[in-house]
Structure formats: C-alpha cells, structure tokens
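Please read the structure below before turning to the comments.
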Protein chains: 2
Amino acid sequence: MTHYKSEQEFLSSYSIHDFDVPLVSVDMSIFSIIDDELQVLLVKRADYPEKGKWALPGGFIDLKQDSTLDDTAQRKLRDKTGVDTPYLEQVGTVGAMNRDPRGWSVTVAYMALIAADSVVLSKDSSSEDVKWVPVFQLAKLDKLAFDHNQIFEMCHERLKSKVQYTSLPVNLLSEEFTLTELQSTFEIILDTSVEKKSFRRRVLDADILEETGNMKTGSNRPAKLYRAKEQGKDHLFPRSIEGPR
Amino acid sequence: MTHYKSEQEFLSSYSIHDFDVPLVSVDMSIFSIIDDELQVLLVKRADYPEKGKWALPGGFIDLKQDSTLDDTAQRKLRDKTGVDTPYLEQVGTVGAMNRDPRGWSVTVAYMALIAADSVVLSKDSSSEDVKWVPVFQLAKLDKLAFDHNQIFEMCHERLKSKVQYTSLPVNLLSEEFTLTELQSTFEIILDTSVEKKSFRRRVLDADILEETGNMKTGSNRPAKLYRAKEQGKDHLFPRSIEGPR
DNA sequence: TAATGTTAGTGGCTTAAAGCCATTTAGTCT
DNA sequence: AGACTAAATGGCTTTAAGCCACTAACATTA
C-alpha cells in the first residue's frame with residue numbers, strides 16, 4: 001500500500017471508484033391501521049430488476065440531497081405518503097452478495113407508523129402502483145421482490161415486540177383518541193385480547209397521555225379523548241403486557 | 001431513463017460505477033470484562049484518514065470473501081482477537097454525508113461479547129496498536145476517530161439495556177462460572193448492585209443454566225459451577241431487573 | 001318518559017415476580 | 001475448636017399485572 005505524507009495528499013488521490021463497493025439502499029415498512037387491520041404499504045416495481053413485483057418502498061441514497069440515512073428514509077416516506085416524520089425507526093441492516101442481481105448489496109430497513117387519515121398515496125417514477133396490504137395476508141399471498149419478505153418480517157417482529165413494552169401504538173392514531181381506541185390498536189398488533197382494567201391502569205399510571213377535554217360521543221356513554229403528551233417519544237413500561245393466562 | 005426489454009439486457013448494461021455510491025464499512029464494539037471492569041477493544045489507525053487516532057475495529061466489506069454483512073463482522077472480530085462467534089449482534093447503522101472525509105459513508109455497528117481468557121490480541125496491517133480500555137474512561141479521556149464515540153455509545157446503550165431483561169452476560173464468562181460471578185458481571189455492566197436472592201431466583205427459574213457438577217473452591221463454602229444450556233442464545237425475562245429501591 | 005341496549009369506566013380481589021433482610025451452610029484458616 | 005468468609009435459602013413485603021363483576025352515562029326505542 002502506498003504511504004502518504006499528509007491527509008490532504010491521501011484524500012486528493014482517493015477515489016471510491018478504485019474499489020469494489022456494494023450498493024446501498026433504504027427500504028421501509030410503513031404501517032397503518034386501516035379497517036381495523038394492521039396494513040403495510042407496498043409498491044409495484046416499474047423497472048428492472050424484479051420489474052412488476054410488489055416490494056417495500058425504498059431506494060438509493062441521494063448523495064446530494066440526503067445528508068443522513070434518516071433523511072433518505074424521510075424522503076422515501078414523504079414521496080409515497082405525503083406524510084412527514086410521524087414515527088420512524090431504524091430496524092436493521094441486511095447485506096449479502098446475492099440478494100440483488102446487480103451485485104453485493106446492503107439495505108437499511110426502517111419502519112414507520114402513520115395514522116391512516118393523514119395519508120395521500122402517490123406513486124413516483126420508480127413504481128407503477130401503490131397499495132395497502134393487510135399484514136396477515138402478506139405472509140401467505142405475496143412473494144415480494146428481493147428479500148423483502150424477510151425484511152418485512154424483521155420490521156413486523158420489531159413492531160410486535162415493542163408494542164409489548166412501549167407506548168408505540170399512539171403513533172398509529174390521529175391526534176385525539178379514546179383509551180378504547182388505543183387498546184384496540186394494541187390488540188390488533190398483538191393479535192390477542194388485552195384486559196381493559198390492566199390496560200387503562202398501565203397507560204394512565206405511565207403519565208404519557210393528557211385529556212384533551214373533549215369527548216367522543218356515540219349511542220352510548222361518551223368517552224374521554226386523550227392525546228400523547230410527547231409526540232414521537234415512546235414510553236418504556238417496566239413489564240410486558242402479558243395477555244390472557 | 002432508458003427502458004430495457006429484458007432483465008438480462010438491463011443487467012448487462014448496469015454498472016455500479018455509473019452512480020454515486022457511499023462507502024460502506026463495519027465497525028464493532030468488542031466488550032469483555034477484565035480486572036472486574038467492562039472494557040472495550042480499540043485499535044490505533046495506521047493510515048489516513050484519522051491516522052494515529054484510536055478507533056473501534058472495523059473496515060470495509062470484502063466483496064469477494066464476505067458473503068454477508070455478518071461475515072464481515074465475524075472476519076474483523078477474528079482478525080483482532082482470534083475469537084470465533086461468541087456473541088455478535090448488529091446494533092445499528094449510521095450514514096451521513098460528512099462523517100468521513102472521503103465522502104458519504106455508511107457504517108454498520110456491531111457489538112461482540114467475549115470472555116477475556118479466550119483472546120489473543122493481534123494487530124493487522126490497518127492498525128498500529130491494539131488495547132483494551134475501560135468503558136467508563138472512554139467517555140472522558142479519548143476522542144475517537146470519526147464518529148466512533150457516538151457509535152460506541154450506541155453499542156454501550158444497547159448492552160446496558162439488554163442486560164436488564166436478558167441473560168446476555170453469560171457470553172462474557174468462560175464456559176463454567178458460579179452464580180456469584182454471573183451476578184457480578186450484571187452488576188459491573190449495570191453499574192449498580194443487584195439483590196442476591198432475586199438474581200438467583202430469576203436466573204434459576206428461567207432454566208437457562210445447568211450445573212456442571214463441578215465446584216469452585218476457595219477459603220470458604222464452595223460454589224456450584226454452571227454453564228449456559230444454549231450457547232449464544234439469550235433468554236428474555238418477563239420483567240427488568242429493577243435494582244435497589 | 002321509562003325501559004333497554006351499549007360502551008365507558010371503576011372496585012376489589014388474586015397472582016407473578018421482584019425487593020429486602022436475616023439465617024443457615026460448608027468450607028478454609030489460625 | 002472457634003473464627004472467618006462466601007454460598008445458599010427462608011420468609012416476608014411490594015409492585016404491577018390479570019380477572020371479573022359492577023356502576024355510569026349516553027342514545028334509542030317502545
């Protein structure tokens with residue numbers, strides 16, 4: 001290896017194109033609750049490779065526009081949904097020689113949680129079509145592009161696991177919600193029933209919600225409406241929700 | 001954008017060098033308990049950039065040799081410590097325009113836990129020197145290369161947090177250990193005392209250890225020696241260790 | 001306007017797993 | 001043999017969950 005006298009000298013002669021480098025992309029699972037089901041956003045690929053297959057939304061880093069990886073994820077999210085920063089979390093990174101026919105490739109997986117009512121779907125040049133798919137269907141029906149089934153599974157696992165000991169699901173609801181609605185999103189994600197009293201104690205004792213003063217009325221007793229005290233932040237409970245015994 | 005008739009045609013005309021791509025590397029925090037302290041392995045950089053600074057061990061993916069990202073991490077670990085697969089976990093990925101003077105760069109952070117007695121340190125061409133540093137000193141004394149202080153902090157946080165609800169620390173001990181030794185590694189990592197009875201109940205009820213039949217003797221009552229039932233796997237407890245009230 | 005239906009919200013007990021602290025046990029050392 | 005030390009356990013308290021039945025507040029219907 002050549003030895004350089006100064007960092008300046010080293011950098012001026014350095015070119016990334018002298019080396020073999022992998023592709024790097026960002027892929028994301030955007031979750032929302034629609035029709036009382038946990039759904040995830042898919043796009044249909046407009047170009048090769050895997051043209052015509054459904055895939056998680058994602059793409060390459062724009063070295064000019066994005067100053068961090070999170071920026072790339074935010075941009076992708078905005079492009080597809082028009083939504084800005086609801087809840088975005090990096091889940092993990094997979095990289096392998098043969099996961100993409102173009103060569104060694106690395107992808108950073110993110111998950112986003114959004115309230116369905118805040119979304120306006122829009123396709124861009126890289127996708128023919130965009131749709132919401134119920135999560136429980138995904139495992140059975142669709143074979144996604146690349147290793148996106150596996151990446152989706154990582155995200156789904158992360159979501160389910162964090163729901164057990166954090167207050168994450170508040171990010172799936174619109175700003176005002178009732179405790180019953182919140183409980184219901186927990187139940188939908190965990191796919192199990194949650195005991196009402198325990199749930200309310202847990203959430204209220206954690207001091208993460210505040211009453212808005214408004215009520216949700218219907219053909220029965222009105223329910224207090226709450227909002228999250230700190231948007232985006234999620235509370236860690238000392239124990240997991242346990243579910244029925 | 002050009003449109004291709006077939007995937008073959010697309011791939012044959014595809015070259016990664018036509019695009020701006022970021023650098024990708026792997027960096028790792030290798031933890032061990034030495035002299036009753038949690039320590040982390042650092043290397044001194046032999047080349048530009050950041051020549052002469054201490055850094056987390058790591059480097060670029062070898063597109064020929066490594067077939068997955070985990071392979072890269074394993075290889076780096078082996079190069080520095082001679083150890084093979086004790087406990088390796090991906091922690092997260094940071095990427096930004098200006099974290100490396102060579103350009104947009106992405107690094108995948110891993111953490112490894114190893115038993116001190118299993119290690120033979122060895123430098124390779126990319127490092128002048130290798131040393132163990134107590135974790136509590138790192139925050140104060142050393143300004144590491146690049147954003148490695150921040151990356152190390154991610155790993156350290158992950159370690160501390162997982163110790164609260166998993167059996168991770170078994171991976172820091174040699175094959176046979178006493179319950180008191182295990183408790184001690186928990187205490188060192190958490191930097192707090194743990195109640196003996198609670199700790200033993202928790203660990204033994206979890207059914208993750210088995211007696212080896214041997215005893216550790218000293219100038220007092222001998223202690224039973226245990227080993228982890230399943231190496232590498234860590235148990236999830238339903239609650240966190242709480243520490244003194 | 002009174003009865004009925006429906007969901008919101010609470011009271012009060014049980015249970016699981018943690019904390020606390022004192023006591024017993026099994027060795028070595030002097 | 002008695003002192004010393006760390007291992008191991010007994011037994012109570014506390015915390016946060018589960019369970020389930022009850023009351024509360026509204027709209028709808030008869």
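Letters A, B, ... go to the chains of the structure tokens in the order shown; residues in each chain start at 1; ligands are counted from 1 in the same order.
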Using only C-alpha atoms (C1' of nucleotides), which chain C residues lie at most 7 Å away from chain B, written as a PyMOL selection string? chain C and resi 18+26-28
Would you kindly return, as a PyMOL selection string, each protein, DNA or RNA residue with an atom no farther than 12 Å from any atom of DA30 of chain D, considering only C-alpha atoms (C1' of nucleotides) and excluding same-chain residues fewer than 6 positions away? chain C and resi 1-4
Put those residues in a file: C-alpha atoms (C1' of nucleotides), as an mmCIF file, in the first residue's frame.
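So again.cif came out as:
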```cif
data_model
loop_
_atom_site.group_PDB
_atom_site.id
_atom_site.type_symbol
_atom_site.label_atom_id
_atom_site.label_comp_id
_atom_site.auth_asym_id
_atom_site.auth_seq_id
_atom_site.Cartn_x
_atom_site.Cartn_y
_atom_site.Cartn_z
ATOM 1 C "C1'" DT C 1 -90.933 9.073 29.848
ATOM 2 C "C1'" DA C 2 -89.474 4.759 31.194
ATOM 3 C "C1'" DA C 3 -87.190 0.612 29.877
ATOM 4 C "C1'" DT C 4 -83.393 -1.276 27.104
#
```
10 Å contact set for DT9 of chain D, only C-alpha atoms (C1' of nucleotides), chain neighbours under 3 positions out, as a ChimeraX atom specification: /B:197 /C:23-25
Point out the residue among B:Leu42, B:Ile34, B:Val120, B:Leu69 with the least atom-to-atom distance to chain A, counting only C-alpha atoms.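 Among B:Leu42, B:Ile34, B:Val120, B:Leu69, it is B:Leu69 that comes nearest to chain A.
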Considering only C-alpha atoms (C1' of nucleotides), give me a table of residues in chain D that are at most 10 Å from chain A, with the closest atom pair and distance in Å for each, as a tab-separated table.
```
residue	atom	partner	partner_atom	distance
D:DA16	C1'	A:Arg239	CA	7.8
D:DA17	C1'	A:Ser198	CA	6.7
D:DG18	C1'	A:Ser198	CA	7.2
D:DC19	C1'	A:Glu195	CA	8.4
D:DA24	C1'	A:Arg221	CA	7.7
D:DA25	C1'	A:Arg221	CA	4.5
D:DC26	C1'	A:Arg221	CA	4.1
D:DA27	C1'	A:Ser219	CA	4.4
D:DT28	C1'	A:Ser219	CA	7.7
```
Residue contacts of segment 147-153 of chain A (12 Å, only C-alpha atoms (C1' of nucleotides)) excluding same-chain residues fewer than 2 positions away, as a PyMOL selection string: chain A and resi 26-31+39-43+50+53-58+90-96+98-101+105-112+135-145+155-161
Write the residues of the selection above to a file with C-alpha atoms, as a compact mmCIF listing (two decimals), in the first residue's frame.
```
# COMPACT_ATOMS: atom_id res chain seq x y z
CA VAL A 26 -33.07 2.07 2.25
CA ASP A 27 -36.28 0.03 2.41
CA MET A 28 -39.18 0.64 4.69
CA SER A 29 -42.24 -0.96 6.17
CA ILE A 30 -44.86 1.73 6.53
CA PHE A 31 -47.55 0.52 8.90
CA GLN A 39 -51.62 -2.95 6.98
CA VAL A 40 -48.35 -2.23 5.24
CA LEU A 41 -47.66 -0.17 2.15
CA LEU A 42 -46.33 -1.88 -0.97
CA VAL A 43 -45.25 -0.51 -4.33
CA GLU A 50 -37.75 -7.56 -10.24
CA LYS A 53 -43.16 -7.41 -8.46
CA TRP A 54 -44.53 -5.87 -5.29
CA ALA A 55 -41.89 -4.51 -2.94
CA LEU A 56 -41.38 -2.41 0.15
CA PRO A 57 -40.95 1.24 -0.78
CA GLY A 58 -37.35 2.33 -0.77
CA GLN A 90 -34.32 2.10 12.02
CA VAL A 91 -34.82 -1.64 12.35
CA GLY A 92 -31.70 -3.25 10.95
CA THR A 93 -29.45 -3.72 8.00
CA VAL A 94 -29.04 -6.70 5.75
CA GLY A 95 -26.22 -7.08 3.31
CA ALA A 96 -25.26 -10.01 1.14
CA ASN A 98 -26.56 -12.40 -3.78
CA ARG A 99 -29.64 -10.59 -2.54
CA ASP A 100 -29.73 -8.37 -5.64
CA PRO A 101 -28.73 -9.44 -9.17
CA SER A 105 -25.90 -5.00 -1.84
CA VAL A 106 -26.76 -3.58 1.53
CA THR A 107 -30.13 -2.26 2.60
CA VAL A 108 -31.07 -0.43 5.76
CA ALA A 109 -34.57 -1.30 6.92
CA TYR A 110 -36.80 1.28 8.57
CA MET A 111 -40.28 1.10 9.92
CA ALA A 112 -42.74 3.98 10.00
CA VAL A 135 -50.15 -7.86 7.26
CA PHE A 136 -51.67 -11.26 7.87
CA GLN A 137 -52.24 -11.67 4.13
CA LEU A 138 -48.70 -10.77 3.24
CA ALA A 139 -47.18 -13.90 4.70
CA LYS A 140 -49.41 -16.09 2.60
CA LEU A 141 -50.18 -14.38 -0.67
CA ASP A 142 -47.36 -12.22 -1.87
CA LYS A 143 -43.84 -13.18 -2.76
CA LEU A 144 -42.20 -9.79 -2.65
CA ALA A 145 -39.19 -8.60 -4.66
CA CYS A 155 -39.94 -4.92 10.86
CA HIS A 156 -43.10 -6.72 11.85
CA GLU A 157 -41.30 -8.59 14.62
CA ARG A 158 -39.81 -5.36 15.89
CA LEU A 159 -43.21 -3.73 15.91
CA LYS A 160 -44.89 -6.58 17.77
CA SER A 161 -42.12 -6.81 20.27
```
